[in-house]
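J.: Please find input_35.csv (CSV, C-alpha atoms) on the next line:
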```csv
chain,number,residue,atom,x,y,z
A,1,MET,CA,2.9,-9.6,-11.3
A,2,PRO,CA,0.4,-7.2,-13.0
A,3,SER,CA,-2.3,-8.8,-15.0
A,4,SER,CA,-3.5,-7.9,-18.5
A,5,SER,CA,-7.1,-7.8,-17.5
A,6,GLU,CA,-9.4,-5.3,-15.8
A,7,PHE,CA,-9.6,-7.5,-12.7
A,8,GLU,CA,-6.8,-8.7,-10.5
A,9,ILE,CA,-5.9,-12.4,-11.0
A,10,ASP,CA,-5.4,-14.7,-8.1
A,11,TYR,CA,-2.4,-16.4,-9.5
A,12,ASP,CA,-2.1,-18.8,-6.6
A,13,ALA,CA,-5.6,-20.2,-7.1
A,14,ALA,CA,-5.2,-20.1,-10.9
A,15,PHE,CA,-2.0,-22.2,-10.7
A,16,VAL,CA,-3.6,-24.8,-8.4
A,17,MET,CA,-6.6,-25.0,-10.9
A,18,TYR,CA,-4.1,-25.3,-13.8
A,19,THR,CA,-2.1,-28.1,-12.1
A,20,GLN,CA,-5.4,-30.0,-11.4
A,21,ARG,CA,-6.6,-29.6,-15.1
A,22,PHE,CA,-3.2,-30.7,-16.4
A,23,HIS,CA,-2.9,-33.7,-14.1
A,24,GLU,CA,-6.5,-34.9,-14.9
A,25,ARG,CA,-5.9,-34.7,-18.6
A,26,PHE,CA,-2.2,-35.9,-18.9
A,27,GLY,CA,-1.5,-37.7,-15.6
A,28,ASP,CA,1.7,-37.1,-13.6
A,29,ARG,CA,4.2,-35.3,-15.8
A,30,ALA,CA,7.3,-33.4,-14.8
A,31,GLU,CA,7.5,-29.7,-15.3
A,32,GLY,CA,8.7,-29.0,-18.9
A,33,ALA,CA,7.3,-32.3,-20.2
A,34,PHE,CA,5.6,-31.8,-23.6
A,35,VAL,CA,2.2,-33.2,-24.4
A,36,LYS,CA,-0.3,-32.8,-27.2
A,37,PHE,CA,-3.4,-30.7,-26.3
A,38,GLY,CA,-5.8,-30.7,-29.3
A,39,LYS,CA,-3.7,-29.6,-32.2
A,40,HIS,CA,-1.0,-27.9,-30.0
A,41,MET,CA,2.1,-29.2,-28.4
A,42,ILE,CA,2.4,-27.7,-25.0
A,43,LYS,CA,4.5,-28.3,-21.9
A,44,HIS,CA,3.8,-28.6,-18.3
A,45,LEU,CA,4.5,-25.1,-17.1
A,46,ALA,CA,6.4,-23.9,-14.1
A,47,ARG,CA,4.7,-21.2,-12.1
A,48,PRO,CA,6.5,-18.1,-13.6
A,49,GLU,CA,5.8,-19.2,-17.2
A,50,PHE,CA,2.2,-20.2,-16.3
A,51,GLU,CA,1.6,-16.6,-15.1
A,52,ARG,CA,2.8,-15.1,-18.4
A,53,ARG,CA,0.7,-17.6,-20.4
A,54,LEU,CA,-2.3,-16.9,-18.3
A,55,ASP,CA,-1.9,-13.2,-18.9
A,56,THR,CA,-1.8,-13.8,-22.6
A,57,TYR,CA,-4.9,-16.0,-22.5
A,58,VAL,CA,-6.8,-13.3,-20.5
A,59,ARG,CA,-5.7,-10.6,-22.9
A,60,LEU,CA,-6.7,-12.5,-26.0
A,61,HIS,CA,-10.0,-13.6,-24.4
A,62,LYS,CA,-10.8,-10.0,-23.8
A,63,ALA,CA,-9.9,-9.0,-27.4
A,64,CYS,CA,-12.1,-11.8,-28.8
A,65,LYS,CA,-15.0,-10.9,-26.5
A,66,LYS,CA,-14.7,-7.2,-27.6
A,67,MET,CA,-14.9,-8.2,-31.2
A,68,LEU,CA,-17.9,-10.4,-30.6
A,69,GLU,CA,-19.7,-7.6,-28.7
A,70,SER,CA,-18.9,-4.9,-31.3
A,71,GLY,CA,-19.7,-7.1,-34.3
A,72,SER,CA,-16.2,-6.6,-35.7
A,73,THR,CA,-14.7,-8.9,-38.2
A,74,ILE,CA,-13.1,-11.8,-36.3
A,75,SER,CA,-9.4,-12.1,-37.2
A,76,ASP,CA,-8.3,-15.7,-38.0
A,77,ALA,CA,-4.9,-14.9,-36.6
A,78,LEU,CA,-6.5,-13.7,-33.3
A,79,VAL,CA,-8.7,-16.8,-33.1
A,80,LEU,CA,-5.6,-19.1,-33.6
A,81,ASP,CA,-3.6,-17.3,-31.0
A,82,PHE,CA,-6.5,-17.5,-28.6
A,83,ASP,CA,-6.9,-21.2,-29.1
A,84,GLU,CA,-3.2,-21.8,-28.6
A,85,SER,CA,-3.1,-19.6,-25.5
A,86,ALA,CA,-6.0,-21.6,-24.0
A,87,ALA,CA,-4.2,-24.8,-24.7
A,88,TRP,CA,-1.0,-23.6,-22.9
A,89,ILE,CA,-3.0,-23.2,-19.7
A,90,ALA,CA,-4.9,-26.5,-20.3
A,91,VAL,CA,-8.3,-24.9,-21.1
A,92,GLU,CA,-10.5,-25.8,-24.1
A,93,ALA,CA,-11.0,-22.5,-25.9
A,94,PRO,CA,-14.5,-21.8,-27.1
A,95,ASN,CA,-15.0,-21.8,-30.9
A,96,VAL,CA,-15.0,-18.1,-31.5
A,97,HIS,CA,-16.1,-18.4,-35.1
A,98,ALA,CA,-19.1,-20.4,-34.0
A,99,MET,CA,-19.9,-17.9,-31.2
A,100,PHE,CA,-19.7,-15.1,-33.7
A,101,ARG,CA,-22.2,-16.9,-36.1
A,102,GLY,CA,-24.4,-17.6,-33.1
A,103,GLU,CA,-24.5,-14.0,-32.1
A,104,MET,CA,-25.6,-13.0,-35.6
A,105,GLY,CA,-28.1,-15.8,-35.9
A,106,ASP,CA,-29.7,-16.8,-39.2
A,107,PRO,CA,-31.9,-14.1,-40.7
A,108,ARG,CA,-34.0,-16.8,-42.4
A,109,VAL,CA,-35.5,-17.6,-39.1
A,110,ALA,CA,-37.5,-14.4,-39.3
A,111,ALA,CA,-37.3,-13.7,-43.0
A,112,PRO,CA,-37.6,-17.0,-44.9
A,113,GLU,CA,-36.4,-17.1,-48.5
A,114,LEU,CA,-39.1,-16.9,-51.1
A,115,ALA,CA,-39.4,-20.1,-53.1
A,116,ARG,CA,-38.7,-19.4,-56.7
A,117,THR,CA,-40.3,-21.2,-59.6
A,118,ASP,CA,-38.9,-21.7,-63.1
A,119,ALA,CA,-41.3,-19.0,-64.4
A,120,ASP,CA,-39.8,-16.5,-61.9
A,121,GLU,CA,-36.3,-17.3,-63.1
A,122,ASN,CA,-37.4,-17.0,-66.8
A,123,ALA,CA,-39.0,-13.6,-66.1
A,124,LYS,CA,-35.8,-12.4,-64.2
A,125,THR,CA,-33.7,-13.6,-67.2
A,126,SER,CA,-35.9,-11.7,-69.7
A,127,GLU,CA,-35.6,-8.5,-67.7
A,128,ILE,CA,-31.9,-8.7,-67.7
A,129,GLU,CA,-31.7,-9.5,-71.4
A,130,ALA,CA,-34.2,-6.8,-72.5
A,131,PRO,CA,-34.1,-4.1,-69.9
A,132,HIS,CA,-35.7,-1.6,-72.2
A,133,LEU,CA,-38.9,-3.6,-72.2
A,134,LYS,CA,-41.2,-2.9,-69.3
A,135,THR,CA,-43.5,-5.6,-68.0
A,136,THR,CA,-46.5,-5.1,-65.8
A,137,ARG,CA,-47.3,-7.6,-63.1
A,138,ARG,CA,-50.9,-8.4,-62.5
A,139,GLY,CA,-51.9,-9.8,-59.3
```
Produce C-alpha cells that represent the structure in this file.
T.:
Amino acid sequence: MPSSSEFEIDYDAAFVMYTQRFHERFGDRAEGAFVKFGKHMIKHLARPEFERRLDTYVRLHKACKKMLESGSTISDALVLDFDESAAWIAVEAPNVHAMFRGEMGDPRVAAPELARTDADENAKTSEIEAPHLKTTRRG
C-alpha cells in the first residue's frame, strides 16, 4: 500500500508497535473493541484499517510540521484532525498550538515591556485629547 509520506513506511513493524502500544494502554481487547483514548473513542484496529489510519496520521503530521516551519496560521480543524488521527493509532499527539507558541517564543525575553507610570498615562491621554498642542520632552 503506498504511503502518504516522503518515506516508505514499514507497515509490518508499525503494526507490531501499534499492537504493543494498544495492549499496554488498554489490555487484551478484541479487534473492533472500542476504548476511550483521551477525548476520542477509538477501536482496536485490524491491519488494513490500521494502515489507512497510519497514512492519515503521517499526512496530517507532515501538514502540521510544514505549518510550524513556515510560520503559517495553525488551523484548529487541522489540529483536531491530527489529534484524532494520533489517537486512532494509539499515539499521544503533541500539542501543536503549544509547539507553535514555543517556536515563536516570547518577545519580552529580549525586549521587556517598559513600566508605565500614572504620569505617562496622563500625558498619553492629554496628547489624544488635544493633538493640536505640541509638548516637548526634556530629558
J.: Hey, can you check how far atom CA of Tyr57 of chain A sits from atom CA of Asp10 of chain A?
T.: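 Interatomic distance, atom CA of Tyr57 of chain A to atom CA of Asp10 of chain A: 14.5 Å.
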J.: At what distance in Å, to one decimal, does atom CA of Val91 of chain A lie from atom CA of Gln20 of chain A?
T.: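 Those two atoms sit 11.3 Å apart.
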J.: Record the distance separating atom CA of Val96 of chain A and atom CA of Met41 of chain A, expressed in Å with one decimal.
T.: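 Here the two named atoms are 20.6 Å from each other.
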J.: Determine, counting all atoms listed in the file, which protein, DNA and RNA residues have an atom within 10 Å of an atom of segment 22-24 of chain A; residues of the same chain fewer than 2 positions away are not included. Present the result as a ChimeraX atom specification.
T.: /A:16-20,26-29,35,37,43-45,88-91
J.: From the set A:Glu69, A:Leu54, A:Ala46, A:Arg21, which residue has the shortest atom-to-atom contact distance to Ala33 of chain A, counting only C-alpha atoms?
T.: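 For Ala33 of chain A, the nearest of the given residues is A:Ala46.
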J.: Set the distance at 10 Å and use only C-alpha atoms: which residues neighbour Leu60 of chain A once local chain neighbours fewer than 2 positions away are removed? I'd like the list as an MDAnalysis selection string.
T.: chainID A and resid 4:5 54:58 62:66 78:79 81:83 85:86
J.: Counting all atoms listed in the file, note down every residue that has an atom within 10 Å of the point (-2.5, -14.6, -10.6) (file coordinates), as an MDAnalysis selection string.
T.: chainID A and resid 1:3 8:15 47 50:52 54:55
J.: Out of A:Ile74, A:Leu68, A:Arg53, A:Leu80, which residue has the shortest atom-to-atom distance to Lys39 of chain A when counting all atoms listed in the file?
T.: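 The shortest atom-to-atom distance to Lys39 of chain A comes from A:Leu80.
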J.: Any chance you could work out the axis-aligned box around segment 56-59 of chain A, listed atoms only, 5 Å on each side, giving centre and edge lengths in Å to one decimal, as JSON?
T.:
```
{"center_x": -4.3, "center_y": -13.3, "center_z": -21.7, "size_x": 15.0, "size_y": 15.4, "size_z": 12.4}
```
